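Student: One file is attached below, start-v5.csv, containing CSV, C-alpha atoms.
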```csv
chain,number,residue,atom,x,y,z
K,1,MET,CA,78.7,97.8,101.9
K,2,SER,CA,76.0,95.2,102.5
K,3,ALA,CA,74.7,94.4,105.9
K,4,PRO,CA,75.9,90.7,106.0
K,5,SER,CA,79.5,91.7,105.0
K,6,ARG,CA,79.8,94.6,107.5
K,7,PRO,CA,80.3,92.6,110.7
K,8,ARG,CA,83.3,90.7,109.2
K,9,TRP,CA,84.7,94.0,107.8
K,10,VAL,CA,84.3,95.7,111.2
K,11,VAL,CA,86.1,92.9,113.0
K,12,VAL,CA,89.0,93.1,110.5
K,13,ALA,CA,89.2,96.9,110.9
K,14,ALA,CA,89.0,96.7,114.7
K,15,LEU,CA,91.7,94.1,114.8
K,16,ALA,CA,93.9,96.2,112.5
K,17,ALA,CA,93.3,99.2,114.8
K,18,VAL,CA,94.2,97.3,117.9
K,19,GLY,CA,97.3,95.8,116.2
K,20,ALA,CA,98.4,99.2,115.0
K,21,LEU,CA,98.0,100.7,118.5
K,22,LEU,CA,99.9,97.8,120.1
K,23,GLY,CA,102.6,98.2,117.5
K,24,PHE,CA,102.8,101.9,118.2
K,25,ALA,CA,103.1,101.2,122.0
K,26,ALA,CA,105.8,98.6,121.3
K,27,VAL,CA,107.8,101.0,119.1
K,28,THR,CA,107.4,103.8,121.7
K,29,ALA,CA,108.8,101.5,124.4
K,30,ALA,CA,111.6,100.3,122.2
K,31,ILE,CA,113.1,103.7,121.4
K,32,TYR,CA,114.2,104.1,125.0
K,33,GLY,CA,117.6,102.6,125.8
K,34,HIS,CA,120.1,101.0,123.5
K,35,GLY,CA,117.8,98.3,122.1
K,36,PRO,CA,117.8,96.8,118.6
K,37,LEU,CA,115.5,99.4,117.2
K,38,LEU,CA,118.2,102.1,117.9
K,39,SER,CA,120.6,100.1,115.8
K,40,VAL,CA,118.0,100.0,113.0
K,41,ASP,CA,117.5,103.8,113.2
K,42,LEU,CA,121.3,104.4,112.9
K,43,ALA,CA,121.7,101.9,110.1
K,44,VAL,CA,118.8,103.3,108.0
K,45,GLU,CA,120.1,106.9,108.5
K,46,SER,CA,123.6,105.8,107.4
K,47,ARG,CA,122.2,104.1,104.3
K,48,PHE,CA,120.1,107.0,103.3
K,49,ALA,CA,123.0,109.4,103.9
K,50,SER,CA,125.2,107.5,101.6
K,51,HIS,CA,122.7,107.8,98.7
K,52,ARG,CA,121.7,111.4,99.2
K,53,GLN,CA,121.5,113.4,95.9
K,54,HIS,CA,120.6,117.1,95.4
K,55,TRP,CA,117.9,116.4,93.0
K,56,LEU,CA,116.2,113.9,95.3
K,57,VAL,CA,116.4,116.3,98.2
K,58,ALA,CA,114.6,118.9,96.1
K,59,ALA,CA,112.0,116.4,94.9
K,60,PHE,CA,111.3,115.0,98.4
K,61,THR,CA,111.2,118.6,99.8
K,62,VAL,CA,108.3,119.3,97.4
K,63,TRP,CA,106.7,115.9,98.0
K,64,THR,CA,106.8,116.1,101.8
K,65,THR,CA,105.1,119.6,101.7
K,66,THR,CA,101.9,117.9,100.6
K,67,ALA,CA,101.8,116.0,103.9
K,68,SER,CA,102.4,119.0,106.1
K,69,PHE,CA,99.5,119.4,108.5
K,70,LEU,CA,99.1,123.1,107.6
K,71,VAL,CA,98.7,122.1,103.9
K,72,ALA,CA,97.0,118.7,104.1
K,73,ALA,CA,94.5,119.4,106.8
K,74,PRO,CA,92.9,122.4,105.1
K,75,ALA,CA,93.0,120.5,101.8
K,76,LEU,CA,91.1,117.6,103.4
K,77,LEU,CA,88.5,120.0,104.8
K,78,LEU,CA,88.0,121.6,101.4
K,79,VAL,CA,87.4,118.1,99.9
K,80,CYS,CA,85.0,117.3,102.7
K,81,ALA,CA,83.1,120.5,102.2
K,82,ALA,CA,82.8,119.9,98.5
K,83,LEU,CA,81.4,116.4,99.0
K,84,ALA,CA,79.1,117.7,101.7
K,85,ARG,CA,77.7,120.2,99.1
K,86,VAL,CA,77.4,117.5,96.4
K,87,GLU,CA,75.8,115.0,98.7
K,88,ARG,CA,73.7,117.6,100.4
K,89,SER,CA,74.8,116.2,103.8
K,90,TRP,CA,77.1,117.8,106.4
K,91,ARG,CA,78.5,114.4,107.5
K,92,PRO,CA,81.5,114.3,105.2
K,93,LEU,CA,82.6,117.6,106.7
K,94,VAL,CA,82.1,116.2,110.2
K,95,LEU,CA,84.3,113.2,109.3
K,96,GLY,CA,87.0,115.6,108.1
K,97,MET,CA,86.8,117.8,111.2
K,98,VAL,CA,87.0,114.8,113.5
K,99,ALA,CA,89.9,113.3,111.6
K,100,VAL,CA,91.8,116.6,111.7
K,101,ALA,CA,91.1,117.1,115.4
K,102,VAL,CA,92.2,113.5,116.3
K,103,LEU,CA,95.3,113.8,114.1
K,104,ALA,CA,96.4,117.1,115.7
K,105,VAL,CA,95.8,116.0,119.3
K,106,SER,CA,97.4,112.5,118.9
K,107,VAL,CA,100.6,113.8,117.1
K,108,THR,CA,101.0,116.8,119.4
K,109,THR,CA,100.5,114.7,122.5
K,110,GLY,CA,103.0,112.1,121.3
K,111,LYS,CA,105.6,114.7,120.5
K,112,GLN,CA,105.2,116.5,123.9
K,113,VAL,CA,105.2,113.3,126.0
K,114,VAL,CA,108.1,111.5,124.3
K,115,GLY,CA,110.2,114.6,123.5
K,116,ARG,CA,112.6,112.8,121.2
K,117,SER,CA,115.3,114.9,119.6
K,118,ARG,CA,115.6,115.1,115.8
K,119,VAL,CA,118.4,114.1,113.6
K,120,PRO,CA,121.4,114.9,113.8
K,121,PHE,CA,121.2,114.6,117.6
K,122,ALA,CA,121.6,111.1,119.1
K,123,ALA,CA,118.8,108.7,118.5
K,124,ASP,CA,118.4,108.1,122.2
K,125,THR,CA,118.3,111.7,123.2
K,126,PHE,CA,115.0,112.9,124.8
K,127,GLY,CA,113.7,116.1,126.4
K,128,ASP,CA,114.6,119.8,125.7
K,129,GLY,CA,111.6,120.3,123.5
K,130,GLY,CA,112.3,117.4,121.0
K,131,THR,CA,109.6,117.0,118.4
K,132,SER,CA,110.8,114.0,116.4
K,133,TYR,CA,108.4,111.2,117.6
K,134,PRO,CA,106.1,110.4,116.0
K,135,SER,CA,106.5,111.8,112.5
K,136,GLY,CA,103.7,114.3,112.0
K,137,HIS,CA,104.0,114.3,108.2
K,138,THR,CA,103.9,110.5,108.0
K,139,THR,CA,100.8,110.3,110.3
K,140,THR,CA,99.2,113.1,108.4
K,141,ALA,CA,99.8,111.4,105.0
K,142,VAL,CA,98.1,108.1,106.3
K,143,VAL,CA,95.1,109.8,107.9
K,144,VAL,CA,94.4,112.4,105.1
K,145,ALA,CA,94.7,109.9,102.3
K,146,GLY,CA,92.8,107.3,104.2
K,147,VAL,CA,89.9,109.6,105.0
K,148,VAL,CA,89.7,110.7,101.3
K,149,LEU,CA,89.4,107.0,100.4
K,150,LEU,CA,86.6,106.6,103.0
K,151,LEU,CA,84.8,109.5,101.5
K,152,LEU,CA,85.0,108.2,97.9
K,153,ASP,CA,84.5,104.5,98.8
K,154,ARG,CA,80.8,104.3,97.7
K,155,ARG,CA,81.8,105.7,94.3
K,156,LEU,CA,84.5,103.1,93.6
K,157,THR,CA,84.2,99.7,92.0
K,158,GLU,CA,86.0,96.8,93.7
K,159,ALA,CA,88.9,97.1,91.3
K,160,ARG,CA,89.3,100.8,91.7
K,161,ARG,CA,89.1,100.4,95.4
K,162,ARG,CA,92.1,98.1,95.4
K,163,TRP,CA,94.0,100.7,93.3
K,164,ALA,CA,93.0,103.4,95.6
K,165,LEU,CA,94.3,101.4,98.6
K,166,LEU,CA,97.5,100.9,96.8
K,167,ALA,CA,97.8,104.6,96.1
K,168,VAL,CA,97.3,105.4,99.8
K,169,ALA,CA,100.0,102.9,100.8
K,170,VAL,CA,102.4,104.2,98.2
K,171,TYR,CA,101.8,107.9,99.1
K,172,SER,CA,102.3,107.1,102.8
K,173,ALA,CA,105.4,105.0,102.2
K,174,ILE,CA,107.1,107.7,100.1
K,175,THR,CA,106.2,110.4,102.5
K,176,GLY,CA,107.7,108.4,105.4
K,177,ALA,CA,110.8,107.7,103.4
K,178,SER,CA,111.2,111.3,102.4
K,179,ARG,CA,111.3,112.4,106.1
K,180,ILE,CA,114.2,110.0,106.7
K,181,TYR,CA,115.9,111.0,103.5
K,182,LEU,CA,115.7,114.7,104.4
K,183,ARG,CA,117.1,114.0,107.8
K,184,GLN,CA,114.0,115.2,109.6
K,185,HIS,CA,113.2,111.9,111.4
K,186,TRP,CA,114.5,108.5,112.5
K,187,PHE,CA,113.1,105.4,110.9
K,188,SER,CA,111.2,104.6,114.2
K,189,ASP,CA,109.6,108.0,114.1
K,190,VAL,CA,108.2,107.2,110.7
K,191,LEU,CA,107.2,103.6,111.7
K,192,ALA,CA,105.3,105.1,114.6
K,193,GLY,CA,103.6,107.5,112.2
K,194,TRP,CA,102.5,104.7,109.9
K,195,LEU,CA,101.1,102.7,112.9
K,196,LEU,CA,99.3,105.7,114.5
K,197,GLY,CA,97.8,106.8,111.3
K,198,THR,CA,96.6,103.4,110.5
K,199,ALA,CA,94.9,103.1,113.9
K,200,ILE,CA,93.2,106.4,113.4
K,201,VAL,CA,91.9,105.6,109.9
K,202,CYS,CA,90.6,102.2,111.0
K,203,VAL,CA,88.6,103.7,113.9
K,204,LEU,CA,87.2,106.4,111.7
K,205,ALA,CA,86.3,103.8,109.1
K,206,ILE,CA,84.3,101.8,111.6
K,207,ALA,CA,82.4,104.9,112.7
K,208,TRP,CA,81.9,106.1,109.1
K,209,SER,CA,80.4,102.7,108.1
K,210,SER,CA,78.2,102.3,111.2
K,211,PRO,CA,74.5,101.6,110.4
K,212,THR,CA,73.4,104.8,112.2
K,213,PHE,CA,75.8,107.0,110.3
K,214,ALA,CA,75.4,105.2,107.0
K,215,ARG,CA,71.6,105.3,107.2
K,216,ARG,CA,71.7,109.1,107.8
K,217,ARG,CA,74.0,109.8,104.9
K,218,SER,CA,72.1,110.9,101.8
K,219,ALA,CA,72.8,109.4,98.4
K,220,PRO,CA,74.6,111.7,95.9
K,221,GLY,CA,72.1,114.4,94.7
K,222,GLY,CA,69.6,113.2,97.3
K,223,PRO,CA,67.3,115.5,99.4
K,224,PRO,CA,68.9,117.5,102.2
K,225,LEU,CA,68.9,115.9,105.6
K,226,SER,CA,66.9,117.3,108.4
```
Could you rewrite the structure in this file as structure tokens?

Tutor:
Amino acid sequence: MSAPSRPRWVVVAALAAVGALLGFAAVTAAIYGHGPLLSVDLAVESRFASHRQHWLVAAFTVWTTTASFLVAAPALLLVCAALARVERSWRPLVLGMVAVAVLAVSVTTGKQVVGRSRVPFAADTFGDGGTSYPSGHTTTAVVVAGVVLLLLDRRLTEARRRWALLAVAVYSAITGASRIYLRQHWFSDVLAGWLLGTAIVCVLAIAWSSPTFARRRSAPGGPPLS
């Protein structure tokens, strides 16, 4: 990323992060009480239930496993470690560790603070150890896929970068849909996961592309950093 283009890119990423966080806060406030979002949750759950098929349940069960924190987080760290070795720089691994830590803390905190009950309990039921909000699998999908894209960004052409962004969006969308289809989450849980994950990735992207961090990253195959 060239120096002249970076300020504009950072502004866009910062605005996206702020917008996603504001959206997350709005969704969090909206799930309390009998507001319009509750009606959307019930309508989406009803629509998915009317189209539930055994083969899709099996397929989505396998798909959603890839976004489990216990699967995706170690996989991301392995990718970061491999790139750190190839680039002879420990910074990809640092990015992965920070991403995993922020992901774990933010999702766990959200679940404990909100305490929303999962399906099939009422959508406006809270407390008693509920862990529905936000969707951890959805947030994990966005963050892990987004960080992989950040790590590979320098190796991608503009056209391939667009395809990679599309792949991240599709993977995250299908993961979120699978959580609703499997009756593990309400739509608003998934929406919150998309927003929270987007905010995390945008903040990490700004840090990853900062002049100080970028200057200290070695080129592929370059000399080890001091």

Student: Neighbouring residues of Leu195 in chain K were defined as those with any atom within 10 Å, considering only C-alpha atoms; residues of the same chain fewer than 2 positions away were excluded. Please report them as number ranges by chain.

Tutor: K: 16-17, 19-25, 27, 134, 138-139, 142, 190-193, 197-200

Student: With a cut-off of 7 Å, could you pull out the residues of range 149-204 of chain K touching range 102-120 of chain K and give me the nearest pair of atoms for each, distance in Å to one decimal, using all atoms listed in the file, ordered by chain and ascending number, as a Markdown table?

Tutor:
```
| residue | atom | partner | partner_atom | distance |
| --- | --- | --- | --- | --- |
| K:Arg183 | CA | K:Val119 | CA | 5.9 |
| K:Gln184 | CA | K:Val119 | CA | 6.0 |
| K:His185 | CA | K:Arg118 | CA | 5.9 |
| K:Trp186 | CA | K:Val119 | CA | 6.9 |
```

Student: Could you check the closest approach to Val143 in chain K for each of K:Ser89, K:Ser39, K:Ser46, K:Ser68 and tell me which residue wins, using only C-alpha atoms?

Tutor: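 Checking each candidate against Val143 in chain K, we get K:Ser68 as the closest.
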
Student: How far is it from CA of Phe60 in chain K to CA of Gly146 in chain K, in Å with one decimal?

Tutor: 20.9 Å

Student: May I ask which of the residues K:Gly127, K:Gly136, K:Pro74, K:Pro36 is the closest one to Ser172 in chain K, counting only C-alpha atoms?

Tutor: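 The shortest atom-to-atom distance to Ser172 in chain K comes from K:Gly136.
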
Student: Suppose you want the space between CA of Ile180 in chain K and CA of Gly33 in chain K; what is it in Å?

Tutor: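 Between CA of Ile180 in chain K and CA of Gly33 in chain K the gap works out to 20.8 Å.
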
Student: Counting all atoms listed in the file, which residue out of K:Ile206, K:Val148, K:Trp163, K:Asp153 sits closest to Ala72 in chain K?

Tutor: K:Val148

Student: What separation in Å, quoted to one decimal, exists between CA of Ala122 in chain K and CA of Tyr181 in chain K?

Tutor: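 Computed distance, CA of Ala122 in chain K to CA of Tyr181 in chain K, equals 16.6 Å.
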
Student: Measuring atom to atom with all atoms listed in the file, identify which of K:Leu196, K:Val11, K:Ala29, K:Leu76 is nearest to Val98 in chain K.

Tutor: K:Leu76

Student: Give the answer as one residue: which of K:Ala99, K:Leu166, K:Ala123, K:Leu83 has the shortest atom-to-atom distance to Leu151 in chain K, using only C-alpha atoms?

Tutor: K:Leu83

Student: Give the answer as one residue: which of K:Leu204, K:Val100, K:Asp189, K:Phe48 has the shortest atom-to-atom distance to Ala75 in chain K, using all atoms listed in the file?

Tutor: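 Once distances to Ala75 in chain K are computed over all atoms listed in the file, the minimum belongs to K:Val100.
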
Student: Output: range 104-137 of chain K of the preceding structure, restricted to N, CA and C atoms, written as a compact mmCIF listing (two decimals), in the first residue's frame.

Tutor:
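Output below, filename decode.txt:
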```txt
# COMPACT_ATOMS: atom_id res chain seq x y z
N ALA K 104 -11.45 -13.63 21.71
CA ALA K 104 -11.89 -14.39 22.88
C ALA K 104 -12.47 -13.47 23.96
N VAL K 105 -11.78 -12.38 24.24
CA VAL K 105 -12.22 -11.47 25.31
C VAL K 105 -13.54 -10.79 24.94
N SER K 106 -13.65 -10.31 23.70
CA SER K 106 -14.85 -9.57 23.31
C SER K 106 -16.09 -10.46 23.29
N VAL K 107 -15.97 -11.66 22.71
CA VAL K 107 -17.12 -12.56 22.63
C VAL K 107 -17.52 -13.06 24.01
N THR K 108 -16.52 -13.47 24.80
CA THR K 108 -16.81 -13.97 26.14
C THR K 108 -17.46 -12.90 27.00
N THR K 109 -16.94 -11.68 26.93
CA THR K 109 -17.51 -10.58 27.70
C THR K 109 -18.95 -10.30 27.28
N GLY K 110 -19.18 -10.28 25.96
CA GLY K 110 -20.53 -10.03 25.48
C GLY K 110 -21.51 -11.08 25.95
N LYS K 111 -21.12 -12.33 25.89
CA LYS K 111 -22.01 -13.42 26.32
C LYS K 111 -22.32 -13.32 27.81
N GLN K 112 -21.30 -13.00 28.62
CA GLN K 112 -21.51 -12.94 30.05
C GLN K 112 -22.33 -11.72 30.46
N VAL K 113 -22.08 -10.58 29.81
CA VAL K 113 -22.80 -9.36 30.17
C VAL K 113 -24.25 -9.42 29.74
N VAL K 114 -24.50 -9.84 28.50
CA VAL K 114 -25.87 -9.88 27.97
C VAL K 114 -26.64 -11.07 28.52
N GLY K 115 -26.02 -12.25 28.52
CA GLY K 115 -26.66 -13.44 29.09
C GLY K 115 -27.94 -13.85 28.40
N ARG K 116 -28.00 -13.72 27.09
CA ARG K 116 -29.23 -14.05 26.35
C ARG K 116 -29.38 -15.56 26.19
N SER K 117 -30.59 -16.05 26.37
CA SER K 117 -30.86 -17.49 26.24
C SER K 117 -30.88 -17.89 24.77
N ARG K 118 -30.50 -19.13 24.51
CA ARG K 118 -30.47 -19.65 23.16
C ARG K 118 -31.85 -20.15 22.73
N VAL K 119 -31.97 -20.39 21.44
CA VAL K 119 -33.13 -21.09 20.92
C VAL K 119 -33.17 -22.47 21.59
N PRO K 120 -34.31 -23.03 22.03
CA PRO K 120 -35.68 -22.62 21.72
C PRO K 120 -36.33 -21.77 22.79
N PHE K 121 -35.55 -21.22 23.76
CA PHE K 121 -36.15 -20.35 24.76
C PHE K 121 -36.59 -19.05 24.10
N ALA K 122 -37.41 -18.29 24.76
CA ALA K 122 -37.93 -17.06 24.19
C ALA K 122 -36.79 -16.11 23.83
N ALA K 123 -36.98 -15.39 22.73
CA ALA K 123 -35.93 -14.50 22.23
C ALA K 123 -35.65 -13.35 23.18
N ASP K 124 -36.59 -13.04 24.07
CA ASP K 124 -36.38 -11.93 25.01
C ASP K 124 -36.09 -12.44 26.41
N THR K 125 -35.51 -13.65 26.50
CA THR K 125 -35.15 -14.24 27.79
C THR K 125 -33.66 -14.01 28.06
N PHE K 126 -33.35 -13.50 29.25
CA PHE K 126 -31.96 -13.21 29.59
C PHE K 126 -31.64 -13.76 30.98
N GLY K 127 -30.34 -13.92 31.24
CA GLY K 127 -29.90 -14.42 32.54
C GLY K 127 -29.78 -15.92 32.56
N ASP K 128 -29.54 -16.47 33.73
CA ASP K 128 -29.41 -17.91 33.93
C ASP K 128 -28.33 -18.52 33.05
N GLY K 129 -27.23 -17.79 32.84
CA GLY K 129 -26.10 -18.34 32.11
C GLY K 129 -26.27 -18.43 30.62
N GLY K 130 -27.18 -17.64 30.03
CA GLY K 130 -27.38 -17.66 28.58
C GLY K 130 -26.13 -17.25 27.84
N THR K 131 -25.84 -17.93 26.72
CA THR K 131 -24.61 -17.65 25.96
C THR K 131 -24.91 -17.42 24.48
N SER K 132 -26.07 -16.87 24.18
CA SER K 132 -26.46 -16.76 22.77
C SER K 132 -25.90 -15.52 22.08
N TYR K 133 -25.69 -14.43 22.83
CA TYR K 133 -25.35 -13.15 22.21
C TYR K 133 -23.97 -12.66 22.63
N PRO K 134 -23.10 -12.31 21.66
CA PRO K 134 -23.24 -12.48 20.22
C PRO K 134 -22.86 -13.89 19.78
N SER K 135 -23.09 -14.21 18.52
CA SER K 135 -22.71 -15.53 18.01
C SER K 135 -21.18 -15.64 17.94
N GLY K 136 -20.62 -16.55 18.72
CA GLY K 136 -19.17 -16.71 18.72
C GLY K 136 -18.64 -17.27 17.42
N HIS K 137 -19.36 -18.23 16.84
CA HIS K 137 -18.93 -18.81 15.57
C HIS K 137 -18.90 -17.76 14.46
```
